[in-house]
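K.L.:
Structure below; questions to follow.
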Amino acid sequence: MNRRCFIAALAASPCALAQQRDAARITVTGLEVFEVKVNRRGNWVLARLQSSAGITGIGDASHGRPSDAVTIKFMRAFFERLRGRGIFEMERLRKECEPEVLANSNAAATALSALEQCLWDIAGQALGVPCYALFGGLLHRRVRNYANINRSTDDRTPEGFASMAAKAVAAGLDAVKLAPFDGMPRQGDAAAIEKFTRRGIECAAAVRKAIGPKVDLLIDGHNHFDLEGGLELARRMEPFNLFWLEEVVPPKPLENLAAINRAAKMPTAGGEGIYGIKGFLPYVTARAVDIVMPDVKYCGGMLELKKIASLAEAAGLLVAPHGPASPVGNMAAAHVCATMPNFQILEYSFGEIPWREELVEPPERLERGHLVLPDRPGLGLRLNDSAVKRYAAQ
Ligand SMILES: [Mg+2]
């Protein structure tokens with residue numbers, strides 16, 4: 001805003017209104033894509049849209065399957081549908097990209113979701129309001145995060161998980177998640193499955209001991225069990241007072257998840273890979289879980305996240321968005337979480353790289369495990385271009 005407009009806005013003159021009217025005329029003009037190197041588990045892919053007003057918006061396109069390369073290909077193709085269009089055309093973008101997304105492509109869903117986040121970031125800045133104001137306004141200024149230590153723990157022993165969990169608690173987080181069954185065979189050799197199961201339970205026990213009884217413990221089964229094994233795991237996890245037990249069996253058939261949800265004494269959670277409100281409808285209707293976990297990067301973006309949260313709210317379910325990725329995706333999800341009556345907790349990937357905070361400006365900061373929503377317009381974050389360059393994937 002120039003000086004003349006600023007003075008005029010103070011006086012609530014038509015100049016401020018003119019600025020808002022102008023926002024409707026801003027169009028999308030360019031796309032930049034950045035890849036930063038994180039660790040052996042994958043890179044982060046970030047999008048930045050440019051607009052005719054010079055305002056840019058950012059979004060997170062990390063961890064699309066089958067690969068970042070396919071995600072980026074979709075993102076560039078979808079951008080061509082956006083080029084020259086208005087910055088408020090989120091629903092049109094969704095409609096036009098859905099054929100590729102519904103052809104079962106997680107990469108296409110990730111590409112769509114990232115561009116959608118960029119649009120909301122630009123829209124918020126153009127209107128001079130934080131994104132949360134566009135999704136119903138703040139119910140929670142502080143958004144509680146849990147530490148996913150699974151991506152940062154290379155030593156996959158009880159001691160290794162316990163050590164990383166202790167670091168997360170020392171950093172101020174009061175909830176910790178691990179997936180201690182990774183590498184387990186999904187079928188076949190019963191003795192091998194039992195060996196992995198017992199080892200995973202030992203990891204959970206070691207983390208519970210390390211974090212003490214007051215910190216919340218979340219266990220992710222990463223779909224490694226069948227129905228019988230999953231039901232038994234829920235019983236064997238009872239001593240650890242879990243905050244939730246996540247996706248012990250594959251997402252289909254839904255009835256298996258629902259059977260575990262009915263039988264488990266602890267809450268169950270899941271749904272991280274599902275696209276869209278229509279994808280979540282059968283999941284919610286079947287009561288597959290107590291807590292739904294849409295990922296702002298996979299589910300269709302910020303508006304779709306809000307729609308899914310509303311569906312869950314109507315069914316009396318809580319929402320805990322999945323998203324162990326970059327500070328950009330976390331903040332995009334947090335803006336929507338801040339407006340949800342049924343928000344529970346947000347995922348934060350703890351300890352992956354020491355430069356996480358500096359990837360954005362101002363640097364990402366958790367206050368005792370909470371993201372504090374900024375008053376700045378849009379997402380309230382910009383990419384730190386020199387950090388993005390420094391840590392670029394080759
Ligand atoms: Mg999970």
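Residue numbering restarts at 1 for every chain of the structure tokens, chains are lettered A, B, ... in their displayed order, and ligands are numbered from 1 as they appear.
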Kindly compile the residues surrounding ligand 1 within 9 Å, counting only C-alpha atoms and all ligand atoms, and format them as a ChimeraX atom specification.

P.N.:
/A:179,219-223,246-247,269-273,293,322

K.L.:
For the selection you just gave me, I'd like the residues written to a file as a compact mmCIF listing (two decimals), in the first residue's frame, keeping C-alpha atoms.

P.N.:
# COMPACT_ATOMS: atom_id res chain seq x y z
CA ALA A 179 5.81 -45.76 13.66
CA ILE A 219 1.58 -44.90 17.64
CA ASP A 220 1.29 -45.29 13.86
CA GLY A 221 0.94 -48.85 12.53
CA HIS A 222 1.67 -47.79 8.91
CA ASN A 223 -0.83 -50.45 7.70
CA GLU A 246 -3.14 -44.90 13.82
CA GLU A 247 -3.76 -47.00 10.71
CA ALA A 269 -6.89 -42.13 13.83
CA GLY A 270 -6.27 -42.22 10.09
CA GLY A 271 -7.08 -41.00 6.60
CA GLU A 272 -3.84 -39.25 5.65
CA GLY A 273 -3.87 -40.41 2.03
CA MET A 293 -6.26 -36.97 9.49
CA HIS A 322 -1.43 -35.21 8.84

K.L.:
Using backbone DSSP assignments, extract all helix (DSSP H, G or I) residues from range 28-197 of chain A; output them as a PyMOL selection string.

P.N.:
chain A and resi 68-82+90-102+106-127+131-135+158-170+190-197

K.L.:
Go ahead and compute the interatomic distance for CA of Val372 in chain A and CA of Leu173 in chain A, in Å to one decimal.

P.N.:
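Separating CA of Val372 in chain A from CA of Leu173 in chain A is a distance of 13.7 Å.
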
K.L.:
Taking only C-alpha atoms into account, which of A:Thr153, A:Glu255, A:His370, A:Phe34 comes nearest Asp385 in chain A?

P.N.:
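Under the stated criterion, the closest residue is A:Phe34.
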
K.L.:
For the strand (DSSP E) assignment from backbone DSSP, which residues of range 169-366 of chain A qualify? Please present them as a PyMOL selection string.

P.N.:
chain A and resi 175-178+216-220+244-246+268-270+291-292+318-319+346-349+360-361+366

K.L.:
Could you save the residues just selected, with N, CA and C atoms, as a PDB file, in the first residue's frame?

P.N.:
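After the write, result14.pdb holds the following:
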ATOM      1  N   ALA A 175       3.652 -34.030  22.992  1.00  0.00           N
ATOM      2  CA  ALA A 175       3.036 -35.197  22.357  1.00  0.00           C
ATOM      3  C   ALA A 175       4.019 -35.718  21.320  1.00  0.00           C
ATOM      4  N   VAL A 176       4.186 -37.050  21.273  1.00  0.00           N
ATOM      5  CA  VAL A 176       5.221 -37.661  20.430  1.00  0.00           C
ATOM      6  C   VAL A 176       4.624 -38.838  19.665  1.00  0.00           C
ATOM      7  N   LYS A 177       4.958 -38.915  18.356  1.00  0.00           N
ATOM      8  CA  LYS A 177       4.473 -40.043  17.538  1.00  0.00           C
ATOM      9  C   LYS A 177       5.630 -40.796  16.886  1.00  0.00           C
ATOM     10  N   LEU A 178       5.513 -42.113  16.866  1.00  0.00           N
ATOM     11  CA  LEU A 178       6.463 -42.949  16.129  1.00  0.00           C
ATOM     12  C   LEU A 178       5.706 -44.068  15.426  1.00  0.00           C
ATOM     13  N   ASP A 216       1.786 -36.965  25.782  1.00  0.00           N
ATOM     14  CA  ASP A 216       0.944 -37.859  24.980  1.00  0.00           C
ATOM     15  C   ASP A 216       1.787 -38.702  24.033  1.00  0.00           C
ATOM     16  N   LEU A 217       1.387 -39.959  23.878  1.00  0.00           N
ATOM     17  CA  LEU A 217       2.093 -40.912  23.012  1.00  0.00           C
ATOM     18  C   LEU A 217       1.154 -41.399  21.912  1.00  0.00           C
ATOM     19  N   LEU A 218       1.610 -41.273  20.672  1.00  0.00           N
ATOM     20  CA  LEU A 218       0.825 -41.653  19.496  1.00  0.00           C
ATOM     21  C   LEU A 218       1.614 -42.735  18.745  1.00  0.00           C
ATOM     22  N   ILE A 219       0.925 -43.806  18.362  1.00  0.00           N
ATOM     23  CA  ILE A 219       1.583 -44.897  17.638  1.00  0.00           C
ATOM     24  C   ILE A 219       0.918 -45.078  16.275  1.00  0.00           C
ATOM     25  N   ASP A 220       1.770 -45.105  15.229  1.00  0.00           N
ATOM     26  CA  ASP A 220       1.290 -45.286  13.856  1.00  0.00           C
ATOM     27  C   ASP A 220       1.675 -46.684  13.378  1.00  0.00           C
ATOM     28  N   TRP A 244      -3.493 -41.862  20.590  1.00  0.00           N
ATOM     29  CA  TRP A 244      -4.207 -42.569  19.535  1.00  0.00           C
ATOM     30  C   TRP A 244      -3.358 -43.698  18.960  1.00  0.00           C
ATOM     31  N   LEU A 245      -4.067 -44.630  18.314  1.00  0.00           N
ATOM     32  CA  LEU A 245      -3.456 -45.706  17.536  1.00  0.00           C
ATOM     33  C   LEU A 245      -3.879 -45.476  16.086  1.00  0.00           C
ATOM     34  N   GLU A 246      -2.878 -45.364  15.200  1.00  0.00           N
ATOM     35  CA  GLU A 246      -3.142 -44.899  13.820  1.00  0.00           C
ATOM     36  C   GLU A 246      -2.919 -46.009  12.797  1.00  0.00           C
ATOM     37  N   THR A 268      -8.727 -44.178  17.819  1.00  0.00           N
ATOM     38  CA  THR A 268      -7.966 -44.511  16.609  1.00  0.00           C
ATOM     39  C   THR A 268      -8.041 -43.337  15.630  1.00  0.00           C
ATOM     40  N   ALA A 269      -7.011 -43.262  14.764  1.00  0.00           N
ATOM     41  CA  ALA A 269      -6.890 -42.128  13.834  1.00  0.00           C
ATOM     42  C   ALA A 269      -6.434 -42.622  12.482  1.00  0.00           C
ATOM     43  N   GLY A 270      -6.750 -41.850  11.420  1.00  0.00           N
ATOM     44  CA  GLY A 270      -6.271 -42.221  10.091  1.00  0.00           C
ATOM     45  C   GLY A 270      -6.895 -41.376   8.996  1.00  0.00           C
ATOM     46  N   ILE A 291     -10.678 -40.102  14.874  1.00  0.00           N
ATOM     47  CA  ILE A 291      -9.991 -38.843  14.545  1.00  0.00           C
ATOM     48  C   ILE A 291      -9.565 -38.906  13.076  1.00  0.00           C
ATOM     49  N   VAL A 292     -10.027 -37.969  12.261  1.00  0.00           N
ATOM     50  CA  VAL A 292      -9.650 -37.991  10.850  1.00  0.00           C
ATOM     51  C   VAL A 292      -8.407 -37.121  10.629  1.00  0.00           C
ATOM     52  N   LEU A 318     -13.188 -35.778  15.591  1.00  0.00           N
ATOM     53  CA  LEU A 318     -12.137 -34.769  15.696  1.00  0.00           C
ATOM     54  C   LEU A 318     -11.270 -34.783  14.440  1.00  0.00           C
ATOM     55  N   VAL A 319     -10.508 -33.681  14.250  1.00  0.00           N
ATOM     56  CA  VAL A 319      -9.603 -33.563  13.104  1.00  0.00           C
ATOM     57  C   VAL A 319      -8.186 -33.287  13.605  1.00  0.00           C
ATOM     58  N   LEU A 346      -1.994 -30.995  15.429  1.00  0.00           N
ATOM     59  CA  LEU A 346      -1.388 -30.955  14.088  1.00  0.00           C
ATOM     60  C   LEU A 346      -0.021 -31.628  14.126  1.00  0.00           C
ATOM     61  N   GLU A 347       0.330 -32.284  13.026  1.00  0.00           N
ATOM     62  CA  GLU A 347       1.605 -33.006  12.955  1.00  0.00           C
ATOM     63  C   GLU A 347       2.773 -32.062  12.659  1.00  0.00           C
ATOM     64  N   TYR A 348       3.887 -32.309  13.316  1.00  0.00           N
ATOM     65  CA  TYR A 348       5.106 -31.520  13.113  1.00  0.00           C
ATOM     66  C   TYR A 348       6.270 -32.501  13.026  1.00  0.00           C
ATOM     67  N   SER A 349       7.012 -32.421  11.938  1.00  0.00           N
ATOM     68  CA  SER A 349       8.109 -33.364  11.746  1.00  0.00           C
ATOM     69  C   SER A 349       9.319 -32.879  12.527  1.00  0.00           C
ATOM     70  N   VAL A 360      11.977 -20.338   6.059  1.00  0.00           N
ATOM     71  CA  VAL A 360      10.959 -19.309   5.842  1.00  0.00           C
ATOM     72  C   VAL A 360      11.282 -18.052   6.641  1.00  0.00           C
ATOM     73  N   GLU A 361      10.678 -16.957   6.206  1.00  0.00           N
ATOM     74  CA  GLU A 361      10.833 -15.671   6.912  1.00  0.00           C
ATOM     75  C   GLU A 361       9.459 -15.147   7.286  1.00  0.00           C
ATOM     76  N   LEU A 366       8.006 -22.588  17.217  1.00  0.00           N
ATOM     77  CA  LEU A 366       6.981 -23.224  18.043  1.00  0.00           C
ATOM     78  C   LEU A 366       7.140 -22.682  19.457  1.00  0.00           C
TER      79      LEU A 366
END

K.L.:
Tell me, counting only C-alpha atoms, for each residue of range 292-349 of chain A within 12 Å of range 82-104 of chain A, which pair of atoms is nearest and how far apart they are in Å to one decimal, in rows ordered by chain and increasing number, as a tab-separated table.

P.N.:
residue	atom	partner	partner_atom	distance
A:Tyr298	CA	A:Val101	CA	9.8
A:Cys299	CA	A:Val101	CA	10.1
A:Gly300	CA	A:Arg94	CA	7.4
A:Gly301	CA	A:Arg94	CA	9.2
A:Met302	CA	A:Met90	CA	9.7
A:Leu303	CA	A:Met90	CA	8.2
A:Glu304	CA	A:Arg94	CA	9.3

K.L.:
With N, CA and C atoms kept, could you save the residues just selected as a short mmCIF file (atom, residue, chain, number, x, y, z; two decimals), in the first residue's frame?

P.N.:
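Output (out_26.cif):
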data_model
loop_
_atom_site.label_atom_id
_atom_site.label_comp_id
_atom_site.auth_asym_id
_atom_site.auth_seq_id
_atom_site.Cartn_x
_atom_site.Cartn_y
_atom_site.Cartn_z
N TYR A 298 -2.38 -33.36 0.41
CA TYR A 298 -2.98 -34.43 -0.38
C TYR A 298 -4.50 -34.29 -0.55
N CYS A 299 -5.15 -33.59 0.36
CA CYS A 299 -6.62 -33.67 0.43
C CYS A 299 -7.30 -32.71 -0.55
N GLY A 300 -6.53 -31.83 -1.20
CA GLY A 300 -7.12 -30.88 -2.13
C GLY A 300 -6.79 -29.44 -1.75
N GLY A 301 -6.19 -29.25 -0.58
CA GLY A 301 -5.79 -27.90 -0.18
C GLY A 301 -6.54 -27.40 1.03
N MET A 302 -6.47 -26.07 1.23
CA MET A 302 -6.97 -25.48 2.47
C MET A 302 -8.50 -25.49 2.53
N LEU A 303 -9.15 -25.16 1.40
CA LEU A 303 -10.61 -25.14 1.42
C LEU A 303 -11.15 -26.56 1.59
N GLU A 304 -10.52 -27.53 0.93
CA GLU A 304 -10.97 -28.92 1.06
C GLU A 304 -10.75 -29.41 2.49
#

K.L.:
Under the rule that only C-alpha atoms are counted, which of A:Gly128, A:Gly230, A:Pro282, A:Pro180 is the nearest residue to Ile149 in chain A?

P.N.:
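Checking each candidate against Ile149 in chain A, we get A:Pro180 as the closest.
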
K.L.:
If you count only C-alpha atoms, which residues fall within 12 Å of Glu194 in chain A, apart from same-chain ones fewer than 3 positions away, as a PDB file with N, CA and C atoms, in the first residue's frame?

P.N.:
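The result, stored in result36.pdb:
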ATOM      1  N   PHE A 181       6.845 -50.073  13.557  1.00  0.00           N
ATOM      2  CA  PHE A 181       6.736 -51.373  12.878  1.00  0.00           C
ATOM      3  C   PHE A 181       7.252 -51.324  11.440  1.00  0.00           C
ATOM      4  N   MET A 184       8.467 -54.256   8.801  1.00  0.00           N
ATOM      5  CA  MET A 184       7.836 -55.530   9.141  1.00  0.00           C
ATOM      6  C   MET A 184       7.203 -56.168   7.902  1.00  0.00           C
ATOM      7  N   PRO A 185       7.352 -57.491   7.712  1.00  0.00           N
ATOM      8  CA  PRO A 185       6.665 -58.123   6.572  1.00  0.00           C
ATOM      9  C   PRO A 185       5.154 -58.029   6.762  1.00  0.00           C
ATOM     10  N   ARG A 186       4.423 -57.774   5.668  1.00  0.00           N
ATOM     11  CA  ARG A 186       2.977 -57.555   5.800  1.00  0.00           C
ATOM     12  C   ARG A 186       2.195 -58.857   5.845  1.00  0.00           C
ATOM     13  N   GLN A 187       2.804 -59.929   5.384  1.00  0.00           N
ATOM     14  CA  GLN A 187       2.119 -61.214   5.485  1.00  0.00           C
ATOM     15  C   GLN A 187       3.147 -62.329   5.482  1.00  0.00           C
ATOM     16  N   GLY A 188       2.665 -63.538   5.720  1.00  0.00           N
ATOM     17  CA  GLY A 188       3.567 -64.686   5.643  1.00  0.00           C
ATOM     18  C   GLY A 188       4.081 -65.122   6.992  1.00  0.00           C
ATOM     19  N   ASP A 189       5.357 -65.237   7.097  1.00  0.00           N
ATOM     20  CA  ASP A 189       6.063 -65.802   8.232  1.00  0.00           C
ATOM     21  C   ASP A 189       5.591 -65.245   9.589  1.00  0.00           C
ATOM     22  N   ALA A 190       4.805 -66.069  10.298  1.00  0.00           N
ATOM     23  CA  ALA A 190       4.208 -65.621  11.561  1.00  0.00           C
ATOM     24  C   ALA A 190       5.274 -65.310  12.609  1.00  0.00           C
ATOM     25  N   ALA A 191       6.347 -66.091  12.597  1.00  0.00           N
ATOM     26  CA  ALA A 191       7.400 -65.879  13.599  1.00  0.00           C
ATOM     27  C   ALA A 191       8.087 -64.531  13.363  1.00  0.00           C
ATOM     28  N   THR A 197       6.642 -57.325  15.744  1.00  0.00           N
ATOM     29  CA  THR A 197       5.591 -56.755  16.590  1.00  0.00           C
ATOM     30  C   THR A 197       6.128 -56.519  18.002  1.00  0.00           C
ATOM     31  N   ARG A 198       6.831 -57.544  18.523  1.00  0.00           N
ATOM     32  CA  ARG A 198       7.352 -57.422  19.889  1.00  0.00           C
ATOM     33  C   ARG A 198       8.373 -56.287  19.962  1.00  0.00           C
ATOM     34  N   ARG A 199       9.203 -56.175  18.933  1.00  0.00           N
ATOM     35  CA  ARG A 199      10.217 -55.121  18.898  1.00  0.00           C
ATOM     36  C   ARG A 199       9.546 -53.726  18.865  1.00  0.00           C
ATOM     37  N   GLY A 200       8.488 -53.607  18.054  1.00  0.00           N
ATOM     38  CA  GLY A 200       7.781 -52.331  17.978  1.00  0.00           C
ATOM     39  C   GLY A 200       7.155 -51.957  19.320  1.00  0.00           C
ATOM     40  N   ILE A 201       6.600 -52.957  19.979  1.00  0.00           N
ATOM     41  CA  ILE A 201       5.995 -52.695  21.292  1.00  0.00           C
ATOM     42  C   ILE A 201       7.078 -52.298  22.296  1.00  0.00           C
ATOM     43  N   HIS A 224       0.694 -52.102   8.658  1.00  0.00           N
ATOM     44  CA  HIS A 224       1.477 -53.343   8.575  1.00  0.00           C
ATOM     45  C   HIS A 224       0.720 -54.598   9.016  1.00  0.00           C
ATOM     46  N   PHE A 225      -0.480 -54.448   9.608  1.00  0.00           N
ATOM     47  CA  PHE A 225      -1.142 -55.603  10.211  1.00  0.00           C
ATOM     48  C   PHE A 225      -2.377 -56.010   9.410  1.00  0.00           C
ATOM     49  N   GLY A 229      -4.246 -59.359  13.490  1.00  0.00           N
ATOM     50  CA  GLY A 229      -3.044 -58.799  14.100  1.00  0.00           C
ATOM     51  C   GLY A 229      -3.300 -57.398  14.648  1.00  0.00           C
ATOM     52  N   GLU A 232      -5.227 -57.546  17.885  1.00  0.00           N
ATOM     53  CA  GLU A 232      -4.342 -57.991  18.965  1.00  0.00           C
ATOM     54  C   GLU A 232      -3.383 -56.864  19.365  1.00  0.00           C
ATOM     55  N   LEU A 233      -2.901 -56.116  18.349  1.00  0.00           N
ATOM     56  CA  LEU A 233      -1.988 -55.014  18.666  1.00  0.00           C
ATOM     57  C   LEU A 233      -2.684 -53.977  19.557  1.00  0.00           C
TER      58      LEU A 233
END

K.L.:
Record the distance separating CA of Ala332 in chain A and CA of Ala288 in chain A, expressed in Å with one decimal.

P.N.:
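Spanning CA of Ala332 in chain A to CA of Ala288 in chain A is a straight-line distance of 26.0 Å.
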
K.L.:
Considering only C-alpha atoms, state which residue in the set A:Cys337, A:Val70, A:Leu127, A:Ala108 is at the smallest distance from Ala53 in chain A.

P.N.:
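Of A:Cys337, A:Val70, A:Leu127, A:Ala108, the one nearest Ala53 in chain A is A:Leu127, counting only C-alpha atoms.
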
K.L.:
Kindly give the distance, in Å, that separates CA of Ser152 in chain A and CA of Ile193 in chain A, rounded to a single decimal.

P.N.:
24.2 Å

K.L.:
Residues of range 120-166 of chain A that approach range 39-49 of chain A to 12 Å or less, counting only C-alpha atoms: could you list each one with the shortest pair of atoms and its distance in Å to one decimal, rows by chain and increasing residue number, as a tab-separated table?

P.N.:
residue	atom	partner	partner_atom	distance
A:Trp120	CA	A:Leu49	CA	10.6
A:Asp121	CA	A:Leu49	CA	9.4
A:Ile122	CA	A:Leu49	CA	8.2
A:Ala123	CA	A:Leu49	CA	11.5
A:Asn150	CA	A:Arg41	CA	10.1
A:Arg151	CA	A:Arg41	CA	6.9
A:Ser152	CA	A:Asn39	CA	8.6
A:Thr153	CA	A:Arg41	CA	10.9
A:Asp154	CA	A:Arg40	CA	9.9

K.L.:
Would you please work out which residue, of A:Pro66, A:Gly279, A:Pro267, A:Gly57, is nearest to Leu254 in chain A when using only C-alpha atoms?

P.N.:
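The answer is A:Gly279, which sits nearest to Leu254 in chain A.
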
K.L.:
Choose the residue, out of A:Val143, A:Ala286, A:Ala162, A:Leu138, that has the smallest atom-to-atom separation from Arg262 in chain A; count only C-alpha atoms.

P.N.:
A:Ala286

K.L.:
With only C-alpha atoms as the counted atoms, please give the residues lying no more than 9 Å from Lys73 in chain A, apart from itself and same-chain residues fewer than 3 positions off, as number ranges by chain.

P.N.:
A: 68-70, 76-78, 107-108, 111

K.L.:
Go through A:Leu381, A:Val336, A:Met164, A:Ala204 and flag the residue nearest Ala133 in chain A, using only C-alpha atoms for the distances.

P.N.:
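Smallest distance to Ala133 in chain A is found for A:Val336.
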